[in-house]
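Asker: If you scroll down you'll find the structure; I have some questions about it.
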Amino acid sequence: MLPVKQAESIILNLVQPFDGKSDTETVELSAANGRILAKQVTSQLDFPQWDNSAMDGYAVRYADIQAGSLQQPAVLEIVEEIPAGYQPQVSIQQGQAARIFTGACMPIGADTVVMQEQTRRENDRVLILEAPEPQAFVRRRASFYQAGMPLLEPGVPLRAPEMAVLAAAQCTQLSVYRRPRVAIFSTGNELITPEQPLELGKIVDSNQYALRAFVAQAGGIPLPLPIVRDQPEKLEEAITKAISSADMVLSTGGVSVGDYDYVEQILAKLGAEIHIHKVAIKPGKPLTVATFALTAQENGGKGKRSILYFGLPGNPVSALVSCWRFVQPAILKLSGLPQEAWGPCFVRAHTLTQLHSGGNRETYIWGQLHLKDGAYEFSAAGGSHASSNLINLAQTNGLAVLPIGQTSVPAGGIVQVLQVVSPV
Ligand code: AMP
Ligand code: MG
């Protein structure tokens with residue numbers, strides 16, 4: 001059986017990231033949140049765009065006030081009031097000052113701002129009680145950013161800070177990577193939808209819902225397909241449809257060694273190359289990873305491309321653990337994010353509960369990760385840790401990992417925890 005690390009590296013090597021030219025689309029700034037930049041953004045604006053005041057106070061000529069003190073204040077005539085947004089009309093001459101407010105444009109002639117706390121106003125005059133440093137409290141044009149320099153690089157996910165930068169720079173049209181289209185279908189004769197009556201022996205297809213949510217959270221577009229029965233012809237039809245409409249395919253079920261497990265057989269029949277059959281992970285041992293090589297013509301004339309196919313285990317917990325551990329990094333790489341963002345993200349935590357493993361597979365124990373006094377704590381979900389028990393999977397935000405050979409971690413011990421978070 002393949003070790004987890006090796007499976008991860010095989011999978012990542014199979015992912016061919018989106019192309020910065022052909023796999024992009026243009027979006028309005030208002031629709032850009034959560035998207036990933038495909039082209040470098042530069043701005044024609046300097047930041048700040050003009051010299052402006054960092055304080056409420058008085059814009060002055062330093063030479064006029066440098067000798068000012070409490071005992072002998074410099075006295076200046078106020079010739080203009082400049083609130084934020086106002087264009088100064090007057091240039092400041094010797095012996096003059098302008099009342100100025102934070103963010104307002106510096107008037108010509110002034111080179112320094114004296115904060116109002118160090119002044120006293122007397123009608124149309126201001127007394128400077130203490131001189132600041134020369135050029136104090138002036139935000140110089142282009143001191144934060146010079147027009148034409150790179151502002152944001154390709155691969156940057158657009159979140160609140162980047163949205164602010166783009167808005168300030170008046171970048172209203174953005175080239176972003178398109179979102180990966182991920183086809184999802186469940187296989188099994190026993191499966192029904194949540195709306196259908198639950199006859200004895202039937203099982204609700206919860207994987208469809210879990211995987212849709214997972215794909216959307218990872219920044220992909222889920223393409224849900226109907227439940228597929230355990231019949232080779234039906235499976236062949238569904239896989240053919242999935243690979244013709246998606247960048248990646250996730251199916252669940254039918255990858256173990258049972259009589260009704262046809263996925264690998266059909267993948268091979270359809271010409272897929274199978275790279276992984278089983279991984280030494282618990283839960284999630286039966287994992288099929290395959291690729292379909294599309295010709296340039298099959299890829300709509302956009303060059304050769306390969307479609308990654310994940311045949312995930314049917315067990316709901318196993319399916320999600322496989323998604324978090326293996327599928328998420330693959331989606332993130334495909335999406336155009338840089339390598340640092342692919343994850344998976346492990347943190348070191350103290351476990352509050354004792355953890356157990358059979359020791360022969362890398363074991364992932366679901367539960368909750370909390371920060372306490374700046375350090376992570378993990379507590380395993382209560383109840384059964386059978387991979388068919390999806391009930392106590394609710395509110396999982398971490399999976400404690402016991403490597404092969406380690407059979408337990410005592411309460412209070414240190415454990416690596418895979419954080420179940422998505423960076424987009
Ligand atoms: P399989 O991998 O097809 O052998 O399925 C393993 C177990 O997972 C069986 O108990 C199935 O009933 C259950 N299962 C399979 N597919 C799903 C699904 N889509 N949603 C919920 N449970 C499933
Ligand atoms: Mg099945």
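Every chain in the structure tokens has a letter given in the order shown (A, B, ...), and although residue numbers restart at 1 in each chain, ligands are simply numbered from 1 in the order shown.
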Set the cut-off to 8 Å, count only C-alpha atoms and all ligand atoms, and list whatever residues fall near ligand 2 as a list of chain:residue names.
Answerer: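 Those residues are A:Thr187, A:Gly188, A:Asn189, A:Glu190, A:Asp230, A:Gly253, A:Gly254, A:Val255, A:Gly258, A:Tyr260, A:Asp261, A:Gly314.
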Asker: Show which residues sit within 12 Å of Val165 in chain A, as a compact mmCIF listing (two decimals) with N, CA and C atoms, in the first residue's frame. Count only C-alpha atoms, and ignore same-chain residues fewer than 4 positions away.
Answerer:
# COMPACT_ATOMS: atom_id res chain seq x y z
N LEU A 29 -14.64 44.23 -10.41
CA LEU A 29 -14.12 44.27 -9.04
C LEU A 29 -15.16 43.78 -8.03
N VAL A 41 -1.17 42.95 -11.56
CA VAL A 41 -1.90 44.22 -11.60
C VAL A 41 -0.91 45.34 -11.34
N THR A 42 -0.94 46.36 -12.19
CA THR A 42 -0.18 47.58 -11.90
C THR A 42 -1.18 48.72 -11.91
N SER A 43 -0.82 49.82 -11.29
CA SER A 43 -1.73 50.96 -11.28
C SER A 43 -1.04 52.16 -11.90
N LEU A 45 -1.72 55.00 -10.81
CA LEU A 45 -1.77 56.00 -9.74
C LEU A 45 -0.59 55.82 -8.79
N PHE A 47 0.68 56.17 -4.82
CA PHE A 47 0.05 56.15 -3.49
C PHE A 47 0.99 56.78 -2.49
N PHE A 144 4.21 55.37 -0.73
CA PHE A 144 3.75 54.00 -0.45
C PHE A 144 3.89 53.12 -1.70
N TYR A 145 3.69 53.71 -2.85
CA TYR A 145 3.70 52.93 -4.10
C TYR A 145 3.87 53.90 -5.27
N LEU A 151 1.74 45.81 -8.44
CA LEU A 151 0.91 46.07 -7.25
C LEU A 151 0.48 44.74 -6.64
N LEU A 152 -0.06 43.83 -7.46
CA LEU A 152 -0.43 42.49 -7.00
C LEU A 152 0.03 41.49 -8.06
N LEU A 158 -7.87 36.98 -3.91
CA LEU A 158 -8.40 38.31 -3.60
C LEU A 158 -9.34 38.22 -2.41
N ARG A 159 -8.89 38.79 -1.31
CA ARG A 159 -9.71 38.84 -0.10
C ARG A 159 -9.77 40.30 0.35
N ALA A 160 -10.24 40.53 1.59
CA ALA A 160 -10.51 41.91 2.00
C ALA A 160 -9.34 42.88 1.74
N PRO A 161 -8.10 42.56 2.14
CA PRO A 161 -7.04 43.56 1.92
C PRO A 161 -6.79 43.84 0.44
N ALA A 169 -6.89 51.58 -6.10
CA ALA A 169 -6.12 51.78 -7.33
C ALA A 169 -7.03 51.91 -8.55
N GLN A 170 -8.33 51.88 -8.32
CA GLN A 170 -9.34 52.00 -9.39
C GLN A 170 -9.16 50.92 -10.46
N CYS A 171 -8.79 49.72 -10.02
CA CYS A 171 -8.69 48.58 -10.95
C CYS A 171 -10.06 47.89 -10.93
N THR A 172 -10.88 48.19 -11.89
CA THR A 172 -12.27 47.72 -11.82
C THR A 172 -12.53 46.49 -12.66
Asker: Give me every alpha helix (DSSP H) residue in range 266-356 of chain A, going by DSSP on the backbone, as a list of chain:residue names.
Answerer: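 Written out, the alpha helix (DSSP H) residues of range 266-356 of chain A are A:Ile266, A:Leu267, A:Ala268, A:Lys269, A:Pro316, A:Val317, A:Ser318, A:Ala319, A:Leu320, A:Val321, A:Ser322, A:Gln328, A:Pro329, A:Ala330, A:Ile331, A:Leu332, A:Lys333, A:Leu334.
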Asker: How would the residues just picked look written out with C-alpha atoms as a PDB file, in the first residue's frame?
Answerer:
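Listed below is the output, selection-v4.pdb:
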ATOM      1  CA  ILE A 266     -14.389   1.013 -16.269  1.00  0.00           C
ATOM      2  CA  LEU A 267     -11.654   3.618 -15.929  1.00  0.00           C
ATOM      3  CA  ALA A 268      -9.240   1.175 -17.553  1.00  0.00           C
ATOM      4  CA  LYS A 269     -11.759   0.338 -20.281  1.00  0.00           C
ATOM      5  CA  PRO A 316     -18.936   9.219   4.131  1.00  0.00           C
ATOM      6  CA  VAL A 317     -16.128   9.829   6.605  1.00  0.00           C
ATOM      7  CA  SER A 318     -13.536   8.160   4.372  1.00  0.00           C
ATOM      8  CA  ALA A 319     -14.699  10.201   1.386  1.00  0.00           C
ATOM      9  CA  LEU A 320     -14.335  13.522   3.222  1.00  0.00           C
ATOM     10  CA  VAL A 321     -11.005  12.627   4.816  1.00  0.00           C
ATOM     11  CA  SER A 322      -9.672  11.755   1.337  1.00  0.00           C
ATOM     12  CA  GLN A 328      -8.045  19.860  -1.723  1.00  0.00           C
ATOM     13  CA  PRO A 329      -4.330  20.391  -2.515  1.00  0.00           C
ATOM     14  CA  ALA A 330      -5.048  19.157  -6.061  1.00  0.00           C
ATOM     15  CA  ILE A 331      -7.915  21.636  -6.550  1.00  0.00           C
ATOM     16  CA  LEU A 332      -5.812  24.462  -5.137  1.00  0.00           C
ATOM     17  CA  LYS A 333      -2.879  23.666  -7.411  1.00  0.00           C
ATOM     18  CA  LEU A 334      -5.188  23.449 -10.417  1.00  0.00           C
TER      19      LEU A 334
END
Asker: Determine, counting only C-alpha atoms, which protein, DNA and RNA residues have an atom within 8 Å of an atom of Arg140 in chain A; residues of the same chain fewer than 5 positions away are not included. Present the result as a list in words.
Answerer: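 Near neighbours after the sequence-gap exclusion: Pro48, Trp50, Asp51 and Asn52 of chain A.
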Asker: Just write the chosen residues, C-alpha atoms, as a JSON list (two decimals), in the first residue's frame.
Answerer:
[["chain", "number", "residue", "atom", "x", "y", "z"],
["A", 48, "PRO", "CA", -0.54, 58.63, -1.99],
["A", 50, "TRP", "CA", -0.53, 63.79, -3.74],
["A", 51, "ASP", "CA", 1.26, 65.10, -0.66],
["A", 52, "ASN", "CA", -1.26, 65.12, 2.15]]
Asker: Compile the contact shell of range 121-123 of chain A as a ChimeraX atom specification: residues with an atom at most 10 Å away, counting only C-alpha atoms, same-chain residues fewer than 6 positions apart removed.
Answerer: /A:75-78
Asker: Since we have the selection now, will you write its residues out, keeping C-alpha atoms, as a PDB file, in the first residue's frame?
Answerer:
ATOM      1  CA  VAL A  75       2.940  83.421  14.924  1.00  0.00           C
ATOM      2  CA  LEU A  76       1.443  82.702  11.484  1.00  0.00           C
ATOM      3  CA  GLU A  77      -1.473  84.145   9.545  1.00  0.00           C
ATOM      4  CA  ILE A  78      -4.088  81.543   8.517  1.00  0.00           C
TER       5      ILE A  78
END
Asker: For ligand 1, which residue out of A:Pro107, A:Pro286, A:Pro150, A:Gly20 is the nearest one, using only C-alpha atoms and all ligand atoms?
Answerer: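 Ranking A:Pro107, A:Pro286, A:Pro150, A:Gly20 by distance to ligand 1, first place goes to A:Pro286.
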Asker: Name all residues at most 8 Å from Gly382 in chain A (count only C-alpha atoms; drop same-chain ones fewer than 2 positions away) and give them as number ranges by chain.
Answerer: A: 380, 384, 392
Asker: With N, CA and C atoms retained, write the just-selected residues as a PDB file, in the first residue's frame.
Answerer:
ATOM      1  N   ALA A 380     -10.739  14.828  20.334  1.00  0.00           N
ATOM      2  CA  ALA A 380     -11.365  13.908  19.373  1.00  0.00           C
ATOM      3  C   ALA A 380     -12.878  13.978  19.556  1.00  0.00           C
ATOM      4  N   SER A 384     -18.490   6.947  18.392  1.00  0.00           N
ATOM      5  CA  SER A 384     -17.754   5.981  17.586  1.00  0.00           C
ATOM      6  C   SER A 384     -16.888   6.646  16.513  1.00  0.00           C
ATOM      7  N   ASN A 392     -20.880  12.075  14.144  1.00  0.00           N
ATOM      8  CA  ASN A 392     -19.974  12.863  14.989  1.00  0.00           C
ATOM      9  C   ASN A 392     -18.883  13.574  14.173  1.00  0.00           C
TER      10      ASN A 392
END
Asker: Find the residues around Val79 in chain A up to 8 Å (only C-alpha atoms counted), leave out those fewer than 3 positions away in its own chain, and share them as a PyMOL selection string.
Answerer: chain A and resi 90+92+96-98+124
Asker: Just want the 9 Å neighbourhood of Glu117 in chain A, counted on only C-alpha atoms, with same-chain residues fewer than 6 positions away dropped. Output as a PDB file with N, CA, C and O atoms, in the first residue's frame.
Answerer:
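As written to disk, out.pdb reads:
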ATOM      1  N   ASP A  56      -4.592  66.341  11.935  1.00  0.00           N
ATOM      2  CA  ASP A  56      -5.351  67.584  11.997  1.00  0.00           C
ATOM      3  C   ASP A  56      -4.385  68.633  12.567  1.00  0.00           C
ATOM      4  O   ASP A  56      -3.769  68.372  13.620  1.00  0.00           O
ATOM      5  N   GLY A  57      -4.211  69.751  11.891  1.00  0.00           N
ATOM      6  CA  GLY A  57      -3.263  70.752  12.392  1.00  0.00           C
ATOM      7  C   GLY A  57      -3.118  71.913  11.427  1.00  0.00           C
ATOM      8  O   GLY A  57      -4.108  72.376  10.854  1.00  0.00           O
ATOM      9  N   LEU A 129       3.504  76.322  19.271  1.00  0.00           N
ATOM     10  CA  LEU A 129       4.099  76.252  20.608  1.00  0.00           C
ATOM     11  C   LEU A 129       5.293  75.307  20.669  1.00  0.00           C
ATOM     12  O   LEU A 129       6.050  75.311  21.624  1.00  0.00           O
TER      13      LEU A 129
END
